[in-house]
Amino acid sequence: MEDELDEEVDELVSEGAQRLHRTWVELLVTGFFGGLEVGLGVLALLAVYEATGSHLLAGIAFGIGFLALMLAHSELFTEGFLVPVTAVAAKRASGRQLLRFWGGTLVTNLLGGALFMALAMTAFPALRSTAVESGAHFVNSSWSAETVVLAVLAGSTITLMTRMQHGATSEVGKVAAAFAGAFLLAGLQMWHSVLDSLLAFGALFAGAPFGWVDWLLWFVPTALLNVAGGLLLVTALRLLRTKVALDEEREEVEREQAA
């Protein structure tokens, strides 16, 4: 098991460094496509919820979005709480690069998602009322201990999904992890900053009873709580578990810099 963990750390550090060293164009385009592809999952979610009235079935349908992200190698903001952070912990990238990665990915996720939802609401007018209901569920809700924890759990759940996909030894395992994460996030209506923002965008384009400022006031604390959940409940413990391997990686970096 220890050998497998060491190998996985090497893979995480390598992948994370590659993602953090992307050029601005590569970063922004990858994030924009991520927003478009998550939109596919949101469209599937709305269609299934409209047909069945079941959030659990709609959550499974949303797995299409995570599957598209995985197969197309696009980028989702909330999938950046484990792999890139591990690269920074190993000194293969800097904190500034991590912040650039998060900020660029988040903005382009939202732009791509907004474009997709504008097209979806035009192409599928029958889903507009469902979009309004789904978006208002989040934006019009009051903050409480329950909603705070739902946002924290959303961050930890998608980070765990990332961990599961990297631990999987087959494509089937990775696909299963994607649909498991989708079921929990969307099926249980956790507060996920990007996923639920796309629902809010669909609602806004369909005549929602709230405005863009209302969405923004909901979005900012939700995104911060997602980050807290992903970093504190999963990533920090993961880094602690693989401390020896990370120490060796940092020593190697220092030797390379000294050479």
# chains A, B, ... in the order shown; residues from 1 in each chain; ligands from 1

call {"tool": "residues_around", "arguments": {"residues": "A:Thr162", "least_positions_apart": "5", "cutoff": "12 Å", "atoms": "only C-alpha atoms", "output": "PyMOL selection string"}}
result
chain A and resi 12+66+69-70+75-84+155-157+167-168+173-182+230+234-235

call {"tool": "write_last_selection", "arguments": {"atoms": "C-alpha atoms", "output": "PDB file, in the first residue's frame"}}
result
ATOM      1  CA  LEU A  12      -0.464  13.846  -8.457  1.00  0.00           C
ATOM      2  CA  PHE A  66     -18.515  14.890 -14.833  1.00  0.00           C
ATOM      3  CA  LEU A  69     -15.078  16.675 -17.980  1.00  0.00           C
ATOM      4  CA  MET A  70     -13.083  13.505 -17.399  1.00  0.00           C
ATOM      5  CA  GLU A  75     -11.071  21.834 -15.921  1.00  0.00           C
ATOM      6  CA  LEU A  76     -13.570  22.491 -13.141  1.00  0.00           C
ATOM      7  CA  PHE A  77     -12.731  24.952 -10.370  1.00  0.00           C
ATOM      8  CA  THR A  78     -13.782  22.639  -7.555  1.00  0.00           C
ATOM      9  CA  GLU A  79     -11.686  19.781  -8.958  1.00  0.00           C
ATOM     10  CA  GLY A  80      -8.602  21.872  -8.219  1.00  0.00           C
ATOM     11  CA  PHE A  81      -8.476  21.342  -4.454  1.00  0.00           C
ATOM     12  CA  LEU A  82      -6.316  18.194  -4.428  1.00  0.00           C
ATOM     13  CA  VAL A  83      -3.998  17.735  -7.399  1.00  0.00           C
ATOM     14  CA  PRO A  84      -2.729  21.336  -7.857  1.00  0.00           C
ATOM     15  CA  GLY A 155     -16.352  20.863  -1.525  1.00  0.00           C
ATOM     16  CA  SER A 156     -15.201  17.758   0.313  1.00  0.00           C
ATOM     17  CA  THR A 157     -17.341  15.449  -1.842  1.00  0.00           C
ATOM     18  CA  GLY A 167      -6.909   5.968  -7.109  1.00  0.00           C
ATOM     19  CA  ALA A 168      -8.897   3.977  -9.667  1.00  0.00           C
ATOM     20  CA  GLY A 173     -13.598   2.860 -11.760  1.00  0.00           C
ATOM     21  CA  LYS A 174     -13.110   6.474 -12.825  1.00  0.00           C
ATOM     22  CA  VAL A 175     -16.530   6.575 -14.457  1.00  0.00           C
ATOM     23  CA  ALA A 176     -18.110   5.040 -11.348  1.00  0.00           C
ATOM     24  CA  ALA A 177     -16.466   7.724  -9.190  1.00  0.00           C
ATOM     25  CA  ALA A 178     -17.800  10.459 -11.498  1.00  0.00           C
ATOM     26  CA  PHE A 179     -21.380   9.218 -11.241  1.00  0.00           C
ATOM     27  CA  ALA A 180     -21.078   8.612  -7.494  1.00  0.00           C
ATOM     28  CA  GLY A 181     -19.921  12.196  -6.996  1.00  0.00           C
ATOM     29  CA  ALA A 182     -22.709  13.518  -9.210  1.00  0.00           C
ATOM     30  CA  GLY A 230     -12.164  20.444  -0.080  1.00  0.00           C
ATOM     31  CA  VAL A 234      -9.820  15.904   2.281  1.00  0.00           C
ATOM     32  CA  THR A 235      -6.667  17.556   0.975  1.00  0.00           C
TER      33      THR A 235
END

call {"tool": "residues_around", "arguments": {"residues": "stretch 92-96 of chain A", "least_positions_apart": "2", "cutoff": "10 Å", "atoms": "only C-alpha atoms", "output": "number ranges by chain"}}
result
A: 13-14, 16-21, 84-90, 98-102, 249-250, 253

call {"tool": "residues_around", "arguments": {"residues": "A:Leu150", "least_positions_apart": "2", "cutoff": "6 Å", "atoms": "only C-alpha atoms", "output": "list in words"}}
result
Thr147, Val148, Val152, Leu153, Met190 and Trp191 of chain A

call {"tool": "closest_residue", "arguments": {"among": "A:Glu171, A:Leu106, A:Gly113, A:Arg238", "to": "A:Val38", "atoms": "only C-alpha atoms"}}
result
A:Gly113

call {"tool": "closest_atom_pairs", "arguments": {"of": "stretch 91-146 of chain A", "to": "stretch 198-213 of chain A", "cutoff": "8 Å", "atoms": "only C-alpha atoms", "output": "JSON lines"}}
result
{"residue": "A:Leu110", "atom": "CA", "partner": "A:Leu198", "partner_atom": "CA", "distance": 7.5}
{"residue": "A:Gly113", "atom": "CA", "partner": "A:Leu198", "partner_atom": "CA", "distance": 5.8}
{"residue": "A:Ala114", "atom": "CA", "partner": "A:Phe201", "partner_atom": "CA", "distance": 5.9}
{"residue": "A:Met117", "atom": "CA", "partner": "A:Gly202", "partner_atom": "CA", "distance": 5.2}
{"residue": "A:Ala118", "atom": "CA", "partner": "A:Phe205", "partner_atom": "CA", "distance": 6.2}
{"residue": "A:Ala120", "atom": "CA", "partner": "A:Gly202", "partner_atom": "CA", "distance": 7.8}
{"residue": "A:Met121", "atom": "CA", "partner": "A:Gly202", "partner_atom": "CA", "distance": 6.4}
{"residue": "A:Arg128", "atom": "CA", "partner": "A:Ala206", "partner_atom": "CA", "distance": 5.4}
{"residue": "A:Ser129", "atom": "CA", "partner": "A:Ala206", "partner_atom": "CA", "distance": 7.4}
{"residue": "A:Ala131", "atom": "CA", "partner": "A:Ala203", "partner_atom": "CA", "distance": 4.9}
{"residue": "A:Val132", "atom": "CA", "partner": "A:Ala203", "partner_atom": "CA", "distance": 4.0}
{"residue": "A:Glu133", "atom": "CA", "partner": "A:Ala203", "partner_atom": "CA", "distance": 7.4}
{"residue": "A:Ser134", "atom": "CA", "partner": "A:Leu199", "partner_atom": "CA", "distance": 6.2}
{"residue": "A:Gly135", "atom": "CA", "partner": "A:Ala200", "partner_atom": "CA", "distance": 4.0}
{"residue": "A:Ala136", "atom": "CA", "partner": "A:Ala200", "partner_atom": "CA", "distance": 6.9}
{"residue": "A:Phe138", "atom": "CA", "partner": "A:Ala200", "partner_atom": "CA", "distance": 7.8}
{"residue": "A:Val139", "atom": "CA", "partner": "A:Ala200", "partner_atom": "CA", "distance": 7.2}
{"residue": "A:Asn140", "atom": "CA", "partner": "A:Phe210", "partner_atom": "CA", "distance": 7.5}

call {"tool": "write_last_selection", "arguments": {"atoms": "all heavy atoms", "output": "short mmCIF file (atom, residue, chain, number, x, y, z; two decimals), in the first residue's frame"}}
result
data_model
loop_
_atom_site.label_atom_id
_atom_site.label_comp_id
_atom_site.auth_asym_id
_atom_site.auth_seq_id
_atom_site.Cartn_x
_atom_site.Cartn_y
_atom_site.Cartn_z
N LEU A 110 -17.67 29.81 -15.16
CA LEU A 110 -18.94 30.55 -15.08
C LEU A 110 -19.33 31.13 -16.43
O LEU A 110 -20.51 31.10 -16.81
CB LEU A 110 -18.84 31.65 -14.03
CG LEU A 110 -18.63 31.17 -12.59
CD1 LEU A 110 -18.43 32.36 -11.66
CD2 LEU A 110 -19.82 30.33 -12.11
N GLY A 113 -20.40 28.22 -18.63
CA GLY A 113 -21.69 27.72 -18.14
C GLY A 113 -22.83 28.66 -18.45
O GLY A 113 -23.94 28.23 -18.81
N ALA A 114 -22.59 29.96 -18.33
CA ALA A 114 -23.64 30.95 -18.63
C ALA A 114 -24.03 30.90 -20.10
O ALA A 114 -25.21 30.95 -20.45
CB ALA A 114 -23.16 32.35 -18.25
N MET A 117 -26.11 27.73 -20.68
CA MET A 117 -27.46 27.80 -20.15
C MET A 117 -28.33 28.77 -20.94
O MET A 117 -29.55 28.55 -21.08
CB MET A 117 -27.42 28.20 -18.68
CG MET A 117 -26.77 27.17 -17.77
SD MET A 117 -27.41 25.48 -17.98
CE MET A 117 -29.13 25.69 -17.47
N ALA A 118 -27.74 29.82 -21.48
CA ALA A 118 -28.51 30.72 -22.34
C ALA A 118 -28.99 29.97 -23.58
O ALA A 118 -30.15 30.12 -24.01
CB ALA A 118 -27.65 31.92 -22.74
N ALA A 120 -29.34 26.66 -23.79
CA ALA A 120 -30.25 25.60 -23.37
C ALA A 120 -31.65 26.11 -23.12
O ALA A 120 -32.65 25.47 -23.49
CB ALA A 120 -29.70 24.92 -22.12
N MET A 121 -31.76 27.28 -22.49
CA MET A 121 -33.09 27.83 -22.21
C MET A 121 -33.80 28.26 -23.49
O MET A 121 -35.04 28.28 -23.56
CB MET A 121 -32.97 29.00 -21.23
CG MET A 121 -32.55 28.59 -19.83
SD MET A 121 -33.69 27.44 -18.99
CE MET A 121 -32.87 25.85 -19.29
N ARG A 128 -37.82 25.64 -18.77
CA ARG A 128 -37.59 26.93 -18.12
C ARG A 128 -38.17 26.98 -16.70
O ARG A 128 -37.52 27.47 -15.78
CB ARG A 128 -38.19 28.06 -18.96
CG ARG A 128 -37.43 28.30 -20.27
CD ARG A 128 -38.11 29.35 -21.11
NE ARG A 128 -37.42 29.53 -22.38
CZ ARG A 128 -37.87 30.28 -23.38
NH1 ARG A 128 -39.01 30.95 -23.24
NH2 ARG A 128 -37.18 30.37 -24.51
N SER A 129 -39.37 26.47 -16.53
CA SER A 129 -39.98 26.52 -15.19
C SER A 129 -39.20 25.65 -14.20
O SER A 129 -39.04 26.00 -13.03
CB SER A 129 -41.44 26.07 -15.25
OG SER A 129 -41.54 24.72 -15.72
N ALA A 131 -35.99 25.06 -14.42
CA ALA A 131 -34.75 25.80 -14.16
C ALA A 131 -34.98 26.88 -13.12
O ALA A 131 -34.17 27.09 -12.21
CB ALA A 131 -34.21 26.40 -15.45
N VAL A 132 -36.10 27.59 -13.22
CA VAL A 132 -36.42 28.63 -12.25
C VAL A 132 -36.59 28.04 -10.86
O VAL A 132 -36.04 28.55 -9.87
CB VAL A 132 -37.70 29.40 -12.68
CG1 VAL A 132 -38.16 30.32 -11.55
CG2 VAL A 132 -37.45 30.20 -13.94
N GLU A 133 -37.30 26.93 -10.77
CA GLU A 133 -37.49 26.27 -9.48
C GLU A 133 -36.16 25.81 -8.90
O GLU A 133 -35.88 26.02 -7.70
CB GLU A 133 -38.41 25.06 -9.66
CG GLU A 133 -38.58 24.22 -8.40
CD GLU A 133 -39.29 22.90 -8.65
OE1 GLU A 133 -39.95 22.76 -9.70
OE2 GLU A 133 -39.18 22.00 -7.80
N SER A 134 -35.31 25.21 -9.73
CA SER A 134 -34.04 24.67 -9.25
C SER A 134 -33.08 25.77 -8.84
O SER A 134 -32.41 25.68 -7.80
CB SER A 134 -33.40 23.80 -10.35
OG SER A 134 -34.24 22.71 -10.69
N GLY A 135 -33.00 26.82 -9.63
CA GLY A 135 -32.10 27.92 -9.28
C GLY A 135 -32.54 28.67 -8.05
O GLY A 135 -31.72 29.03 -7.19
N ALA A 136 -33.85 28.90 -7.93
CA ALA A 136 -34.38 29.63 -6.78
C ALA A 136 -34.19 28.85 -5.49
O ALA A 136 -34.08 29.45 -4.41
CB ALA A 136 -35.86 29.94 -7.00
N PHE A 138 -31.67 27.46 -4.42
CA PHE A 138 -30.39 27.84 -3.80
C PHE A 138 -30.31 29.34 -3.52
O PHE A 138 -30.04 29.75 -2.39
CB PHE A 138 -29.24 27.39 -4.70
CG PHE A 138 -29.16 25.91 -4.89
CD1 PHE A 138 -29.68 25.31 -6.03
CD2 PHE A 138 -28.59 25.10 -3.92
CE1 PHE A 138 -29.62 23.93 -6.20
CE2 PHE A 138 -28.54 23.72 -4.08
CZ PHE A 138 -29.05 23.14 -5.22
N VAL A 139 -30.54 30.14 -4.53
CA VAL A 139 -30.32 31.59 -4.38
C VAL A 139 -31.27 32.22 -3.39
O VAL A 139 -30.89 33.14 -2.65
CB VAL A 139 -30.43 32.28 -5.75
CG1 VAL A 139 -30.25 33.79 -5.61
CG2 VAL A 139 -29.38 31.72 -6.72
N ASN A 140 -32.49 31.74 -3.33
CA ASN A 140 -33.48 32.33 -2.42
C ASN A 140 -33.48 31.73 -1.02
O ASN A 140 -34.26 32.14 -0.16
CB ASN A 140 -34.89 32.21 -3.01
CG ASN A 140 -35.13 33.21 -4.12
OD1 ASN A 140 -34.38 34.18 -4.27
ND2 ASN A 140 -36.17 33.00 -4.92
#

call {"tool": "closest_residue", "arguments": {"among": "A:Val42, A:Val48, A:Leu239, A:Val227", "to": "A:Phe116", "atoms": "only C-alpha atoms"}}
result
A:Val42

call {"tool": "select_by_dssp", "arguments": {"residues": "stretch 166-256 of chain A", "states": "helix (DSSP H, G or I)", "output": "PyMOL selection string"}}
result
chain A and resi 166-167+171-187+193-205+212-241+243-256

call {"tool": "atom_distance", "arguments": {"atom1": "atom CA of A:Glu252", "atom2": "atom CA of A:Leu237"}}
result
22.6 Å

call {"tool": "atom_distance", "arguments": {"atom1": "atom CA of A:Leu225", "atom2": "atom CA of A:Gly31"}}
result
20.5 Å

call {"tool": "atom_distance", "arguments": {"atom1": "atom CA of A:Leu115", "atom2": "atom CA of A:Val194"}}
result
13.5 Å

call {"tool": "closest_residue", "arguments": {"among": "A:Ile60, A:Leu195, A:Ala145, A:Leu188", "to": "A:Leu36", "atoms": "only C-alpha atoms"}}
result
A:Leu195

call {"tool": "closest_residue", "arguments": {"among": "A:Gly104, A:Thr122, A:Ala44, A:Asp10", "to": "A:Glu26", "atoms": "only C-alpha atoms"}}
result
A:Gly104

call {"tool": "residues_around", "arguments": {"residues": "A:Ala223", "least_positions_apart": "2", "cutoff": "8 Å", "atoms": "only C-alpha atoms", "output": "ChimeraX atom specification"}}
result
/A:151,192-193,219-221,225-227

call {"tool": "write_last_selection", "arguments": {"atoms": "C-alpha atoms", "output": "mmCIF file, in the first residue's frame"}}
result
data_model
loop_
_atom_site.group_PDB
_atom_site.id
_atom_site.type_symbol
_atom_site.label_atom_id
_atom_site.label_comp_id
_atom_site.auth_asym_id
_atom_site.auth_seq_id
_atom_site.Cartn_x
_atom_site.Cartn_y
_atom_site.Cartn_z
ATOM 1 C CA ALA A 151 -21.558 23.908 1.017
ATOM 2 C CA HIS A 192 -21.900 23.533 -5.135
ATOM 3 C CA SER A 193 -20.724 26.921 -6.386
ATOM 4 C CA PHE A 219 -22.160 32.496 -4.864
ATOM 5 C CA VAL A 220 -19.241 34.127 -3.015
ATOM 6 C CA PRO A 221 -19.745 32.489 0.406
ATOM 7 C CA LEU A 225 -17.088 27.164 1.839
ATOM 8 C CA ASN A 226 -16.498 24.733 -1.033
ATOM 9 C CA VAL A 227 -12.794 25.582 -0.871
#

call {"tool": "closest_residue", "arguments": {"among": "A:Gly41, A:Glu50, A:Val29, A:Lys91", "to": "A:Glu254", "atoms": "only C-alpha atoms"}}
result
A:Lys91

call {"tool": "decode", "arguments": {"residues": "stretch 21-120 of chain A", "atoms": "C-alpha atoms", "output": "short mmCIF file (atom, residue, chain, number, x, y, z; two decimals), in the first residue's frame"}}
result
data_model
loop_
_atom_site.label_atom_id
_atom_site.label_comp_id
_atom_site.auth_asym_id
_atom_site.auth_seq_id
_atom_site.Cartn_x
_atom_site.Cartn_y
_atom_site.Cartn_z
CA HIS A 21 2.25 25.76 -15.48
CA ARG A 22 -0.25 26.18 -18.31
CA THR A 23 -0.15 29.39 -20.29
CA TRP A 24 -2.98 31.87 -19.79
CA VAL A 25 -4.58 30.84 -23.08
CA GLU A 26 -4.46 27.14 -22.22
CA LEU A 27 -5.82 27.81 -18.74
CA LEU A 28 -8.71 30.00 -19.83
CA VAL A 29 -9.77 27.85 -22.77
CA THR A 30 -9.68 24.67 -20.65
CA GLY A 31 -11.81 26.35 -17.97
CA PHE A 32 -14.29 27.68 -20.53
CA PHE A 33 -14.78 24.23 -22.00
CA GLY A 34 -15.23 22.91 -18.47
CA GLY A 35 -18.18 25.26 -17.99
CA LEU A 36 -19.73 24.14 -21.26
CA GLU A 37 -19.33 20.47 -20.40
CA VAL A 38 -20.76 20.81 -16.90
CA GLY A 39 -23.68 22.48 -18.65
CA LEU A 40 -24.40 19.19 -20.41
CA GLY A 41 -24.84 17.58 -17.01
CA VAL A 42 -27.08 20.40 -15.81
CA LEU A 43 -29.24 20.05 -18.92
CA ALA A 44 -29.57 16.31 -18.26
CA LEU A 45 -30.39 17.04 -14.62
CA LEU A 46 -33.19 19.44 -15.56
CA ALA A 47 -34.63 17.07 -18.16
CA VAL A 48 -34.75 14.12 -15.77
CA TYR A 49 -36.13 16.19 -12.89
CA GLU A 50 -38.80 17.62 -15.19
CA ALA A 51 -39.81 14.10 -16.26
CA THR A 52 -39.63 12.34 -12.89
CA GLY A 53 -39.70 14.93 -10.10
CA SER A 54 -36.87 12.98 -8.45
CA HIS A 55 -33.72 14.79 -7.36
CA LEU A 56 -31.93 11.46 -6.89
CA LEU A 57 -32.52 10.37 -10.49
CA ALA A 58 -31.62 13.85 -11.70
CA GLY A 59 -28.38 13.60 -9.72
CA ILE A 60 -27.43 10.41 -11.56
CA ALA A 61 -28.15 12.14 -14.87
CA PHE A 62 -25.85 14.99 -13.89
CA GLY A 63 -23.03 12.46 -13.97
CA ILE A 64 -22.94 13.10 -17.72
CA GLY A 65 -21.29 16.43 -16.94
CA PHE A 66 -18.51 14.89 -14.83
CA LEU A 67 -18.05 12.17 -17.44
CA ALA A 68 -17.61 14.83 -20.14
CA LEU A 69 -15.08 16.68 -17.98
CA MET A 70 -13.08 13.51 -17.40
CA LEU A 71 -13.00 12.29 -21.00
CA ALA A 72 -12.43 15.74 -22.54
CA HIS A 73 -9.70 16.65 -19.99
CA SER A 74 -11.35 19.95 -19.20
CA GLU A 75 -11.07 21.83 -15.92
CA LEU A 76 -13.57 22.49 -13.14
CA PHE A 77 -12.73 24.95 -10.37
CA THR A 78 -13.78 22.64 -7.56
CA GLU A 79 -11.69 19.78 -8.96
CA GLY A 80 -8.60 21.87 -8.22
CA PHE A 81 -8.48 21.34 -4.45
CA LEU A 82 -6.32 18.19 -4.43
CA VAL A 83 -4.00 17.74 -7.40
CA PRO A 84 -2.73 21.34 -7.86
CA VAL A 85 -2.42 21.82 -4.09
CA THR A 86 -0.29 18.66 -3.86
CA ALA A 87 2.03 20.09 -6.51
CA VAL A 88 2.40 23.29 -4.49
CA ALA A 89 3.04 21.30 -1.30
CA ALA A 90 5.80 19.46 -3.14
CA LYS A 91 7.31 22.79 -4.27
CA ARG A 92 6.77 21.96 -7.94
CA ALA A 93 4.64 25.11 -8.31
CA SER A 94 3.99 28.30 -6.37
CA GLY A 95 1.06 29.63 -4.39
CA ARG A 96 0.70 32.44 -6.92
CA GLN A 97 0.29 29.90 -9.71
CA LEU A 98 -2.36 28.12 -7.66
CA LEU A 99 -4.34 31.34 -7.17
CA ARG A 100 -4.03 32.14 -10.88
CA PHE A 101 -5.28 28.64 -11.69
CA TRP A 102 -8.25 28.90 -9.32
CA GLY A 103 -9.23 32.38 -10.41
CA GLY A 104 -8.90 31.79 -14.13
CA THR A 105 -10.69 28.47 -14.01
CA LEU A 106 -13.55 29.76 -11.88
CA VAL A 107 -14.24 32.80 -14.06
CA THR A 108 -14.14 30.82 -17.31
CA ASN A 109 -16.24 27.99 -15.83
CA LEU A 110 -18.94 30.55 -15.08
CA LEU A 111 -18.67 32.21 -18.50
CA GLY A 112 -18.85 28.90 -20.34
CA GLY A 113 -21.69 27.72 -18.14
CA ALA A 114 -23.64 30.95 -18.63
CA LEU A 115 -23.31 30.67 -22.40
CA PHE A 116 -24.46 27.07 -22.35
CA MET A 117 -27.46 27.80 -20.15
CA ALA A 118 -28.51 30.72 -22.34
CA LEU A 119 -28.50 28.36 -25.33
CA ALA A 120 -30.25 25.60 -23.37
#
